[in-house]
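The next block holds one structure in the form of structure tokens; read it before the comments.
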There are 2 protein chains.
Amino acid sequence: MIKELNPRTRVLMGPGPSDVHPRVLKAMSTPLIGHLDPQFIQIMDDVKEMTRELFQTKNDVTSVMSATGSAGMETCFVNLLERGDEAIVCVGGVFGTRMCDIVERCGAKLTRVDAKWGEPIDPGQVKEALKKTTSPKLVAIVHAETSTGVLQPLEEISKMVHEAGALFLVDAVTSLAGVPVKVDDWKIDAIYSGSQKCISAPPGLSPVSFSGEACKVMDSRKTKSQSWYLDMSMIRNYWAGAKRAYHHTGPISMIYSFHEALRLVFEEGLEKRFERHQKNHAILRDGLEAMGFEFVVAPQYRLPMLNAIRIPAGYDDAAIRGRLLNEYNIEIGAGLGDFAGKVWRIGLMGESCTLNHINMILSALKQIMK
Amino acid sequence: MIKELNPRTRVLMGPGPSDVHPRVLKAMSTPLIGHLDPQFIQIMDDVKEMTRELFQTKNDVTSVMSATGSAGMETCFVNLLERGDEAIVCVGGVFGTRMCDIVERCGAKLTRVDAKWGEPIDPGQVKEALKKTTSPKLVAIVHAETSTGVLQPLEEISKMVHEAGALFLVDAVTSLAGVPVKVDDWKIDAIYSGSQKCISAPPGLSPVSFSGEACKVMDSRKTKSQSWYLDMSMIRNYWAGAKRAYHHTGPISMIYSFHEALRLVFEEGLEKRFERHQKNHAILRDGLEAMGFEFVVAPQYRLPMLNAIRIPAGYDDAAIRGRLLNEYNIEIGAGLGDFAGKVWRIGLMGESCTLNHINMILSALKQIMK
């Protein structure tokens, strides 16, 4: 027989999941009700209202996908793209690369705009790509590249995307609830995030939102979306309207957790939450720099919640992360892709963004790397 | 501000979710660890071992998809089908119909074998369809049609599918853990289920399993699967092997719940669990028939865990279900599709399959319909 779960308690300072507040854990242990129960419909409405507030949008088509952030990414592409469409994807890390993979699976024509890992996308190159393509349907970009720690400025690029008549698709998996994400002000047409980063709910859900323009494009599709599970033409009817149309069985307990995590976000207030992430990032940064660590990203493009630092010469990546995990129960993120073995990623997300977390990681690193 | 969750406690006797054991609810409130933590890898291994046992298979490619049963359905099709392939789908209700929709989204050529709603598929018609098609890649069928209450015998059809050189794809969403599902004995090549039916975990996960033959077909694809999120060529590397390859962030808390729900299944034992479902179904049936209710399905094809009964003339469907929910806190299922307004579906799944549940629903119906 398999034994009962008995994991050692960890301190989650990697690229997500982040630590989850006890109130969120408790919410998950609420007994289940049916996914079409009027009580659950009310809970969905409340979650939708808070999700819109979080995205700073009035978009009616805002919902929470019943799968992780990567499925949110796929949702945006498979609903907007049809075979033969042109799409421009900005790539500066693993998640931009993943977008390209999905665009190709949609049978669309891909144009890449690349940045060096650790650097933001150059708007000038987006302009070039827009000129080079005939009729790009969308331009996709990652707001917070979790693999590199870059915060991508969006407003200038948004403007040129709309001037070219394309839709603007944004990955806000790591940024949402940690730095401002202004969907309406920045004219973002399609956006997705994940539950397990700065929202500090468990992984498994992906909030998404689509602008009126994006809805027009979805409504005028010539073909069905290639994904049934992620098809917004059905999902929006499960998340809106007086009579909810059954699509799939909503993940009740995960929605409970998300509901409580969002309540915590708004109890703190968005502005205060963003300030907390910035302030704590500065404290961690000062501590790391005092120890001699170098950041991968230039100061003006650094994410507060995902601190990518170079592993100093002479130190063994896996051995140190292993000691952090086994002796201190602290998880930090390894480098991905080009950065494997060269970079660590220290997360300060949501519930994991506290002075105590900073003191724990700095002290542990000092003891291990002395 | 949105208020704290405070739903009234329900008795779940619909088509799923079923009631969840307090140990499963408690497991979900376990603090999170990382999805690549060696402790979590061990938990995944344990879940995989129990899932194989549940499917009665030695299939190496057995895992749990990070989304609901409908995504499990999509997983099987998008990994096995390529554009232009031929697929035969057996349709006797909503979920067979959904399979057709997905096959068409895969760009495959669909041949349907239809049964009247409430009746099983006729193997003779499957044989005809196999003759009519040139080189069918797969034949798909629903083992337990949740919309009608039919239990479909699989062995005879499996034999003719394999004689024709096709793969056999089975929906076991409602059957798994409630009636025998023998993946190896019945030579099923691809199968999926859901967490929230007879397993009695919350909705949000879909266990899947693929035979060696199915893996050969996946390995020799000419094109990538159209879904990145559901692509088994990557997911199998996250669920197997010494070095786990990051794909997406596993839904930690949901896996915790599934782990505990599976432990409960094996504490009871599969055979005893199947007997419990049959025995309680017989008791409910006798009670319903004594009240004058008629079953939709002939006795030899009836599902024990999903009892579809005709609404007697002169009774108001919505009003009675409304009273059950509001006065008794009991949820039963409405009729779907052809059966809307004509049929009720009473679930006896997993934790909801007890004598007390039967007594509650029979007593409440007697009081309301007197």
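Naming works like this for the structure tokens: A, B, ... for the chains as they're shown, residue 1 at the start of each chain, ligands 1 onward in shown order.
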Could you build a table of the residues in chain A lying no more than 6 Å from chain B, giving for each the nearest pair of atoms and their separation in Å rounded to one decimal place, using only C-alpha atoms, ordered by chain and ascending residue number, as a tab-separated table?
residue	atom	partner	partner_atom	distance
A:Arg10	CA	B:Ile33	CA	5.9
A:Leu25	CA	B:Ser29	CA	4.5
A:Lys26	CA	B:Ser29	CA	5.9
A:Ser29	CA	B:Leu25	CA	4.5
A:Ile33	CA	B:Arg10	CA	5.9
A:Ala67	CA	B:Ala67	CA	5.0
A:Ala71	CA	B:Tyr229	CA	5.8
A:Arg105	CA	B:Gln226	CA	5.0
A:Pro203	CA	B:Pro251	CA	4.8
A:Gly204	CA	B:Pro251	CA	4.7
A:Gln226	CA	B:Arg105	CA	5.0
A:Tyr229	CA	B:Ala71	CA	5.8
A:Pro251	CA	B:Gly204	CA	4.7
Can you write just those residues out, N, CA and C atoms, as a CSV table (one decimal), in the first residue's frame?
chain,number,residue,atom,x,y,z
A,10,ARG,N,8.3,23.0,2.7
A,10,ARG,CA,9.3,23.7,1.9
A,10,ARG,C,9.1,25.2,2.0
A,25,LEU,N,-5.4,27.4,1.6
A,25,LEU,CA,-5.3,25.9,1.8
A,25,LEU,C,-6.7,25.5,2.5
A,26,LYS,N,-7.1,26.2,3.5
A,26,LYS,CA,-8.3,25.9,4.2
A,26,LYS,C,-9.6,26.0,3.2
A,29,SER,N,-10.3,22.9,1.4
A,29,SER,CA,-10.9,21.8,2.1
A,29,SER,C,-12.4,22.0,2.3
A,33,ILE,N,-19.5,21.4,-4.0
A,33,ILE,CA,-20.9,21.5,-4.5
A,33,ILE,C,-20.8,21.2,-6.0
A,67,ALA,N,-7.1,24.7,-16.2
A,67,ALA,CA,-5.8,24.0,-16.5
A,67,ALA,C,-4.7,25.1,-16.2
A,71,ALA,N,-1.7,26.2,-20.6
A,71,ALA,CA,-3.0,26.0,-21.3
A,71,ALA,C,-3.6,27.4,-21.6
A,105,ARG,N,1.9,24.8,-34.3
A,105,ARG,CA,0.9,23.8,-34.2
A,105,ARG,C,-0.5,24.3,-34.7
A,203,PRO,N,-1.0,25.8,-8.3
A,203,PRO,CA,-1.1,25.7,-9.7
A,203,PRO,C,-2.3,24.9,-10.2
A,204,GLY,N,-2.8,25.2,-11.4
A,204,GLY,CA,-3.8,24.5,-11.9
A,204,GLY,C,-4.9,25.3,-12.6
A,226,GLN,N,-9.0,24.7,-33.0
A,226,GLN,CA,-8.5,23.3,-33.0
A,226,GLN,C,-8.7,22.6,-31.7
A,229,TYR,N,-11.4,21.7,-25.8
A,229,TYR,CA,-11.3,22.0,-24.3
A,229,TYR,C,-11.1,23.5,-24.1
A,251,PRO,N,-13.3,22.9,-12.1
A,251,PRO,CA,-12.5,22.3,-11.0
A,251,PRO,C,-12.9,23.0,-9.7
Could you find all residues in stretch 40-174 of chain A that DSSP calls alpha helix (DSSP H) from the backbone, and write them as a PDB file with N, CA and C atoms, in the first residue's frame?
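Full text of part03.pdb as output:
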ATOM      1  N   PHE A  40     -22.464  27.753  -6.937  1.00  0.00           N
ATOM      2  CA  PHE A  40     -21.168  27.757  -7.621  1.00  0.00           C
ATOM      3  C   PHE A  40     -21.140  28.817  -8.725  1.00  0.00           C
ATOM      4  N   ILE A  41     -22.287  29.008  -9.378  1.00  0.00           N
ATOM      5  CA  ILE A  41     -22.383  30.061 -10.401  1.00  0.00           C
ATOM      6  C   ILE A  41     -22.059  31.419  -9.754  1.00  0.00           C
ATOM      7  N   GLN A  42     -22.568  31.622  -8.528  1.00  0.00           N
ATOM      8  CA  GLN A  42     -22.279  32.880  -7.821  1.00  0.00           C
ATOM      9  C   GLN A  42     -20.781  32.992  -7.517  1.00  0.00           C
ATOM     10  N   ILE A  43     -20.177  31.889  -7.119  1.00  0.00           N
ATOM     11  CA  ILE A  43     -18.734  31.892  -6.837  1.00  0.00           C
ATOM     12  C   ILE A  43     -17.953  32.217  -8.113  1.00  0.00           C
ATOM     13  N   MET A  44     -18.371  31.625  -9.231  1.00  0.00           N
ATOM     14  CA  MET A  44     -17.720  31.940 -10.512  1.00  0.00           C
ATOM     15  C   MET A  44     -17.868  33.420 -10.845  1.00  0.00           C
ATOM     16  N   ASP A  45     -19.062  33.968 -10.614  1.00  0.00           N
ATOM     17  CA  ASP A  45     -19.273  35.396 -10.883  1.00  0.00           C
ATOM     18  C   ASP A  45     -18.330  36.252 -10.035  1.00  0.00           C
ATOM     19  N   ASP A  46     -18.186  35.880  -8.765  1.00  0.00           N
ATOM     20  CA  ASP A  46     -17.300  36.639  -7.878  1.00  0.00           C
ATOM     21  C   ASP A  46     -15.842  36.521  -8.344  1.00  0.00           C
ATOM     22  N   VAL A  47     -15.456  35.319  -8.759  1.00  0.00           N
ATOM     23  CA  VAL A  47     -14.087  35.112  -9.246  1.00  0.00           C
ATOM     24  C   VAL A  47     -13.858  35.935 -10.513  1.00  0.00           C
ATOM     25  N   LYS A  48     -14.871  35.944 -11.377  1.00  0.00           N
ATOM     26  CA  LYS A  48     -14.744  36.713 -12.618  1.00  0.00           C
ATOM     27  C   LYS A  48     -14.586  38.198 -12.316  1.00  0.00           C
ATOM     28  N   GLU A  49     -15.383  38.696 -11.380  1.00  0.00           N
ATOM     29  CA  GLU A  49     -15.313  40.117 -11.022  1.00  0.00           C
ATOM     30  C   GLU A  49     -13.918  40.462 -10.488  1.00  0.00           C
ATOM     31  N   MET A  50     -13.400  39.613  -9.610  1.00  0.00           N
ATOM     32  CA  MET A  50     -12.064  39.882  -9.047  1.00  0.00           C
ATOM     33  C   MET A  50     -10.973  39.722 -10.112  1.00  0.00           C
ATOM     34  N   THR A  51     -11.163  38.785 -11.023  1.00  0.00           N
ATOM     35  CA  THR A  51     -10.163  38.581 -12.078  1.00  0.00           C
ATOM     36  C   THR A  51     -10.104  39.801 -13.005  1.00  0.00           C
ATOM     37  N   ARG A  52     -11.267  40.366 -13.309  1.00  0.00           N
ATOM     38  CA  ARG A  52     -11.295  41.579 -14.135  1.00  0.00           C
ATOM     39  C   ARG A  52     -10.589  42.727 -13.427  1.00  0.00           C
ATOM     40  N   GLU A  53     -10.851  42.857 -12.147  1.00  0.00           N
ATOM     41  CA  GLU A  53     -10.204  43.885 -11.332  1.00  0.00           C
ATOM     42  C   GLU A  53      -8.677  43.697 -11.369  1.00  0.00           C
ATOM     43  N   LEU A  54      -8.245  42.475 -11.273  1.00  0.00           N
ATOM     44  CA  LEU A  54      -6.811  42.156 -11.245  1.00  0.00           C
ATOM     45  C   LEU A  54      -6.158  42.502 -12.586  1.00  0.00           C
ATOM     46  N   PHE A  55      -6.873  42.191 -13.666  1.00  0.00           N
ATOM     47  CA  PHE A  55      -6.369  42.500 -15.013  1.00  0.00           C
ATOM     48  C   PHE A  55      -6.582  43.990 -15.355  1.00  0.00           C
ATOM     49  N   GLY A  69      -1.196  27.670 -16.504  1.00  0.00           N
ATOM     50  CA  GLY A  69      -0.838  28.807 -17.334  1.00  0.00           C
ATOM     51  C   GLY A  69      -0.478  28.464 -18.766  1.00  0.00           C
ATOM     52  N   SER A  70       0.177  27.345 -18.967  1.00  0.00           N
ATOM     53  CA  SER A  70       0.542  26.938 -20.332  1.00  0.00           C
ATOM     54  C   SER A  70      -0.692  26.697 -21.180  1.00  0.00           C
ATOM     55  N   ALA A  71      -1.745  26.193 -20.555  1.00  0.00           N
ATOM     56  CA  ALA A  71      -3.005  26.012 -21.281  1.00  0.00           C
ATOM     57  C   ALA A  71      -3.639  27.373 -21.565  1.00  0.00           C
ATOM     58  N   GLY A  72      -3.401  28.346 -20.684  1.00  0.00           N
ATOM     59  CA  GLY A  72      -3.863  29.705 -20.942  1.00  0.00           C
ATOM     60  C   GLY A  72      -3.194  30.268 -22.187  1.00  0.00           C
ATOM     61  N   MET A  73      -1.868  30.004 -22.300  1.00  0.00           N
ATOM     62  CA  MET A  73      -1.144  30.417 -23.505  1.00  0.00           C
ATOM     63  C   MET A  73      -1.799  29.803 -24.741  1.00  0.00           C
ATOM     64  N   GLU A  74      -1.993  28.487 -24.693  1.00  0.00           N
ATOM     65  CA  GLU A  74      -2.577  27.791 -25.841  1.00  0.00           C
ATOM     66  C   GLU A  74      -3.984  28.324 -26.146  1.00  0.00           C
ATOM     67  N   THR A  75      -4.741  28.643 -25.101  1.00  0.00           N
ATOM     68  CA  THR A  75      -6.099  29.177 -25.273  1.00  0.00           C
ATOM     69  C   THR A  75      -6.090  30.429 -26.156  1.00  0.00           C
ATOM     70  N   CYS A  76      -5.161  31.337 -25.840  1.00  0.00           N
ATOM     71  CA  CYS A  76      -5.134  32.595 -26.598  1.00  0.00           C
ATOM     72  C   CYS A  76      -4.837  32.340 -28.073  1.00  0.00           C
ATOM     73  N   PHE A  77      -3.876  31.479 -28.346  1.00  0.00           N
ATOM     74  CA  PHE A  77      -3.505  31.241 -29.749  1.00  0.00           C
ATOM     75  C   PHE A  77      -4.556  30.437 -30.510  1.00  0.00           C
ATOM     76  N   VAL A  78      -5.053  29.356 -29.922  1.00  0.00           N
ATOM     77  CA  VAL A  78      -5.964  28.493 -30.695  1.00  0.00           C
ATOM     78  C   VAL A  78      -7.318  29.145 -30.937  1.00  0.00           C
ATOM     79  N   ASN A  79      -7.648  30.175 -30.143  1.00  0.00           N
ATOM     80  CA  ASN A  79      -8.906  30.863 -30.392  1.00  0.00           C
ATOM     81  C   ASN A  79      -8.767  31.995 -31.404  1.00  0.00           C
ATOM     82  N   LEU A  80      -7.570  32.543 -31.503  1.00  0.00           N
ATOM     83  CA  LEU A  80      -7.391  33.692 -32.400  1.00  0.00           C
ATOM     84  C   LEU A  80      -6.827  33.293 -33.760  1.00  0.00           C
ATOM     85  N   VAL A  94      12.368  31.031 -22.629  1.00  0.00           N
ATOM     86  CA  VAL A  94      11.656  29.761 -22.805  1.00  0.00           C
ATOM     87  C   VAL A  94      10.195  29.985 -23.207  1.00  0.00           C
ATOM     88  N   PHE A  95       9.554  30.999 -22.615  1.00  0.00           N
ATOM     89  CA  PHE A  95       8.111  31.121 -22.816  1.00  0.00           C
ATOM     90  C   PHE A  95       7.764  31.763 -24.154  1.00  0.00           C
ATOM     91  N   GLY A  96       8.620  32.642 -24.651  1.00  0.00           N
ATOM     92  CA  GLY A  96       8.479  33.117 -26.023  1.00  0.00           C
ATOM     93  C   GLY A  96       8.682  31.966 -27.005  1.00  0.00           C
ATOM     94  N   THR A  97       9.657  31.120 -26.712  1.00  0.00           N
ATOM     95  CA  THR A  97       9.922  29.959 -27.570  1.00  0.00           C
ATOM     96  C   THR A  97       8.706  29.034 -27.601  1.00  0.00           C
ATOM     97  N   ARG A  98       8.088  28.845 -26.434  1.00  0.00           N
ATOM     98  CA  ARG A  98       6.901  27.981 -26.358  1.00  0.00           C
ATOM     99  C   ARG A  98       5.757  28.536 -27.211  1.00  0.00           C
ATOM    100  N   MET A  99       5.622  29.872 -27.201  1.00  0.00           N
ATOM    101  CA  MET A  99       4.596  30.509 -28.043  1.00  0.00           C
ATOM    102  C   MET A  99       4.802  30.145 -29.514  1.00  0.00           C
ATOM    103  N   CYS A 100       6.074  30.153 -29.970  1.00  0.00           N
ATOM    104  CA  CYS A 100       6.371  29.821 -31.377  1.00  0.00           C
ATOM    105  C   CYS A 100       5.923  28.402 -31.689  1.00  0.00           C
ATOM    106  N   ASP A 101       6.207  27.498 -30.770  1.00  0.00           N
ATOM    107  CA  ASP A 101       5.819  26.103 -30.944  1.00  0.00           C
ATOM    108  C   ASP A 101       4.302  26.004 -31.129  1.00  0.00           C
ATOM    109  N   ILE A 102       3.566  26.727 -30.300  1.00  0.00           N
ATOM    110  CA  ILE A 102       2.099  26.665 -30.374  1.00  0.00           C
ATOM    111  C   ILE A 102       1.591  27.293 -31.673  1.00  0.00           C
ATOM    112  N   VAL A 103       2.187  28.428 -32.069  1.00  0.00           N
ATOM    113  CA  VAL A 103       1.780  29.075 -33.329  1.00  0.00           C
ATOM    114  C   VAL A 103       1.942  28.097 -34.485  1.00  0.00           C
ATOM    115  N   GLU A 104       3.047  27.361 -34.496  1.00  0.00           N
ATOM    116  CA  GLU A 104       3.275  26.409 -35.588  1.00  0.00           C
ATOM    117  C   GLU A 104       2.262  25.261 -35.542  1.00  0.00           C
ATOM    118  N   ARG A 105       1.921  24.827 -34.336  1.00  0.00           N
ATOM    119  CA  ARG A 105       0.904  23.770 -34.223  1.00  0.00           C
ATOM    120  C   ARG A 105      -0.470  24.259 -34.696  1.00  0.00           C
ATOM    121  N   PRO A 123      11.549  47.480 -29.556  1.00  0.00           N
ATOM    122  CA  PRO A 123      10.352  47.857 -30.333  1.00  0.00           C
ATOM    123  C   PRO A 123      10.661  48.091 -31.821  1.00  0.00           C
ATOM    124  N   GLY A 124      11.842  48.578 -32.109  1.00  0.00           N
ATOM    125  CA  GLY A 124      12.223  48.809 -33.504  1.00  0.00           C
ATOM    126  C   GLY A 124      12.158  47.525 -34.322  1.00  0.00           C
ATOM    127  N   GLN A 125      12.533  46.438 -33.693  1.00  0.00           N
ATOM    128  CA  GLN A 125      12.501  45.161 -34.425  1.00  0.00           C
ATOM    129  C   GLN A 125      11.070  44.658 -34.625  1.00  0.00           C
ATOM    130  N   VAL A 126      10.196  45.001 -33.684  1.00  0.00           N
ATOM    131  CA  VAL A 126       8.781  44.640 -33.867  1.00  0.00           C
ATOM    132  C   VAL A 126       8.234  45.413 -35.063  1.00  0.00           C
ATOM    133  N   LYS A 127       8.602  46.695 -35.141  1.00  0.00           N
ATOM    134  CA  LYS A 127       8.167  47.531 -36.273  1.00  0.00           C
ATOM    135  C   LYS A 127       8.636  46.928 -37.608  1.00  0.00           C
ATOM    136  N   GLU A 128       9.873  46.482 -37.638  1.00  0.00           N
ATOM    137  CA  GLU A 128      10.416  45.830 -38.842  1.00  0.00           C
ATOM    138  C   GLU A 128       9.594  44.600 -39.216  1.00  0.00           C
ATOM    139  N   ALA A 129       9.291  43.788 -38.199  1.00  0.00           N
ATOM    140  CA  ALA A 129       8.539  42.555 -38.447  1.00  0.00           C
ATOM    141  C   ALA A 129       7.137  42.869 -38.970  1.00  0.00           C
ATOM    142  N   LEU A 130       6.549  43.933 -38.423  1.00  0.00           N
ATOM    143  CA  LEU A 130       5.207  44.325 -38.881  1.00  0.00           C
ATOM    144  C   LEU A 130       5.241  44.755 -40.347  1.00  0.00           C
ATOM    145  N   LYS A 131       6.338  45.414 -40.741  1.00  0.00           N
ATOM    146  CA  LYS A 131       6.475  45.837 -42.140  1.00  0.00           C
ATOM    147  C   LYS A 131       6.673  44.636 -43.064  1.00  0.00           C
ATOM    148  N   LYS A 132       7.442  43.683 -42.570  1.00  0.00           N
ATOM    149  CA  LYS A 132       7.838  42.517 -43.366  1.00  0.00           C
ATOM    150  C   LYS A 132       6.666  41.573 -43.652  1.00  0.00           C
ATOM    151  N   GLU A 155       3.821  49.339 -23.647  1.00  0.00           N
ATOM    152  CA  GLU A 155       2.964  50.358 -24.255  1.00  0.00           C
ATOM    153  C   GLU A 155       3.395  50.778 -25.660  1.00  0.00           C
ATOM    154  N   GLU A 156       4.676  50.975 -25.855  1.00  0.00           N
ATOM    155  CA  GLU A 156       5.146  51.416 -27.179  1.00  0.00           C
ATOM    156  C   GLU A 156       4.847  50.339 -28.223  1.00  0.00           C
ATOM    157  N   ILE A 157       5.101  49.094 -27.854  1.00  0.00           N
ATOM    158  CA  ILE A 157       4.855  47.998 -28.796  1.00  0.00           C
ATOM    159  C   ILE A 157       3.359  47.858 -29.074  1.00  0.00           C
ATOM    160  N   SER A 158       2.540  47.988 -28.037  1.00  0.00           N
ATOM    161  CA  SER A 158       1.083  47.900 -28.230  1.00  0.00           C
ATOM    162  C   SER A 158       0.618  48.899 -29.290  1.00  0.00           C
ATOM    163  N   LYS A 159       1.155  50.124 -29.194  1.00  0.00           N
ATOM    164  CA  LYS A 159       0.738  51.180 -30.112  1.00  0.00           C
ATOM    165  C   LYS A 159       1.033  50.787 -31.569  1.00  0.00           C
ATOM    166  N   MET A 160       2.242  50.285 -31.796  1.00  0.00           N
ATOM    167  CA  MET A 160       2.580  49.955 -33.192  1.00  0.00           C
ATOM    168  C   MET A 160       1.822  48.725 -33.686  1.00  0.00           C
ATOM    169  N   VAL A 161       1.512  47.808 -32.769  1.00  0.00           N
ATOM    170  CA  VAL A 161       0.737  46.622 -33.153  1.00  0.00           C
ATOM    171  C   VAL A 161      -0.654  47.054 -33.637  1.00  0.00           C
ATOM    172  N   HIS A 162      -1.275  47.964 -32.891  1.00  0.00           N
ATOM    173  CA  HIS A 162      -2.627  48.394 -33.258  1.00  0.00           C
ATOM    174  C   HIS A 162      -2.612  49.244 -34.523  1.00  0.00           C
ATOM    175  N   GLU A 163      -1.555  50.053 -34.691  1.00  0.00           N
ATOM    176  CA  GLU A 163      -1.456  50.838 -35.936  1.00  0.00           C
ATOM    177  C   GLU A 163      -1.376  49.921 -37.153  1.00  0.00           C
TER     178      GLU A 163
END
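What separates atom CA of B:Arg310 from atom CA of B:Val343 is a distance of 4.5 Å.
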Of the residues B:Gly84, B:Gly149, B:Gly93, B:Gly212, which is the one nearest to B:Trp117, using only C-alpha atoms?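 Between B:Gly84, B:Gly149, B:Gly93, B:Gly212, the residue approaching B:Trp117 most closely is B:Gly93.
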What gap, in Å, lies between atom CA of B:Asp184 and atom CA of B:Glu145? 21.2 Å
Pick from B:Ser200, B:Ser147, B:Thr111, B:Ser209 nearest to B:Ser135, counting only C-alpha atoms: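 Using only C-alpha atoms, the shortest distance to B:Ser135 belongs to B:Thr111.
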Between atom CA of A:Ala166 and atom CA of A:Leu303, what is the distance, to one decimal in Å?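 Between atom CA of A:Ala166 and atom CA of A:Leu303 the gap works out to 27.1 Å.
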Looking at only C-alpha atoms, which of A:Leu306, A:Ile346, A:Ile191, A:Cys198 is the one that sits closest to A:Val64?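 Looking at the shortest contact to A:Val64, the residue is A:Ile191.
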Which of these, B:Val113, B:Val181, B:Arg276, B:Gly118, has the shortest distance to B:His143 once you count only C-alpha atoms?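 Nearest candidate to B:His143 out of B:Val113, B:Val181, B:Arg276, B:Gly118: B:Val181.
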Which of stretch 29-262 of chain B fall in strand (DSSP E), as a ChimeraX atom specification: /B:61-65,86-91,109-114,136-142,144-145,150-151,167-171,190-192,206-210
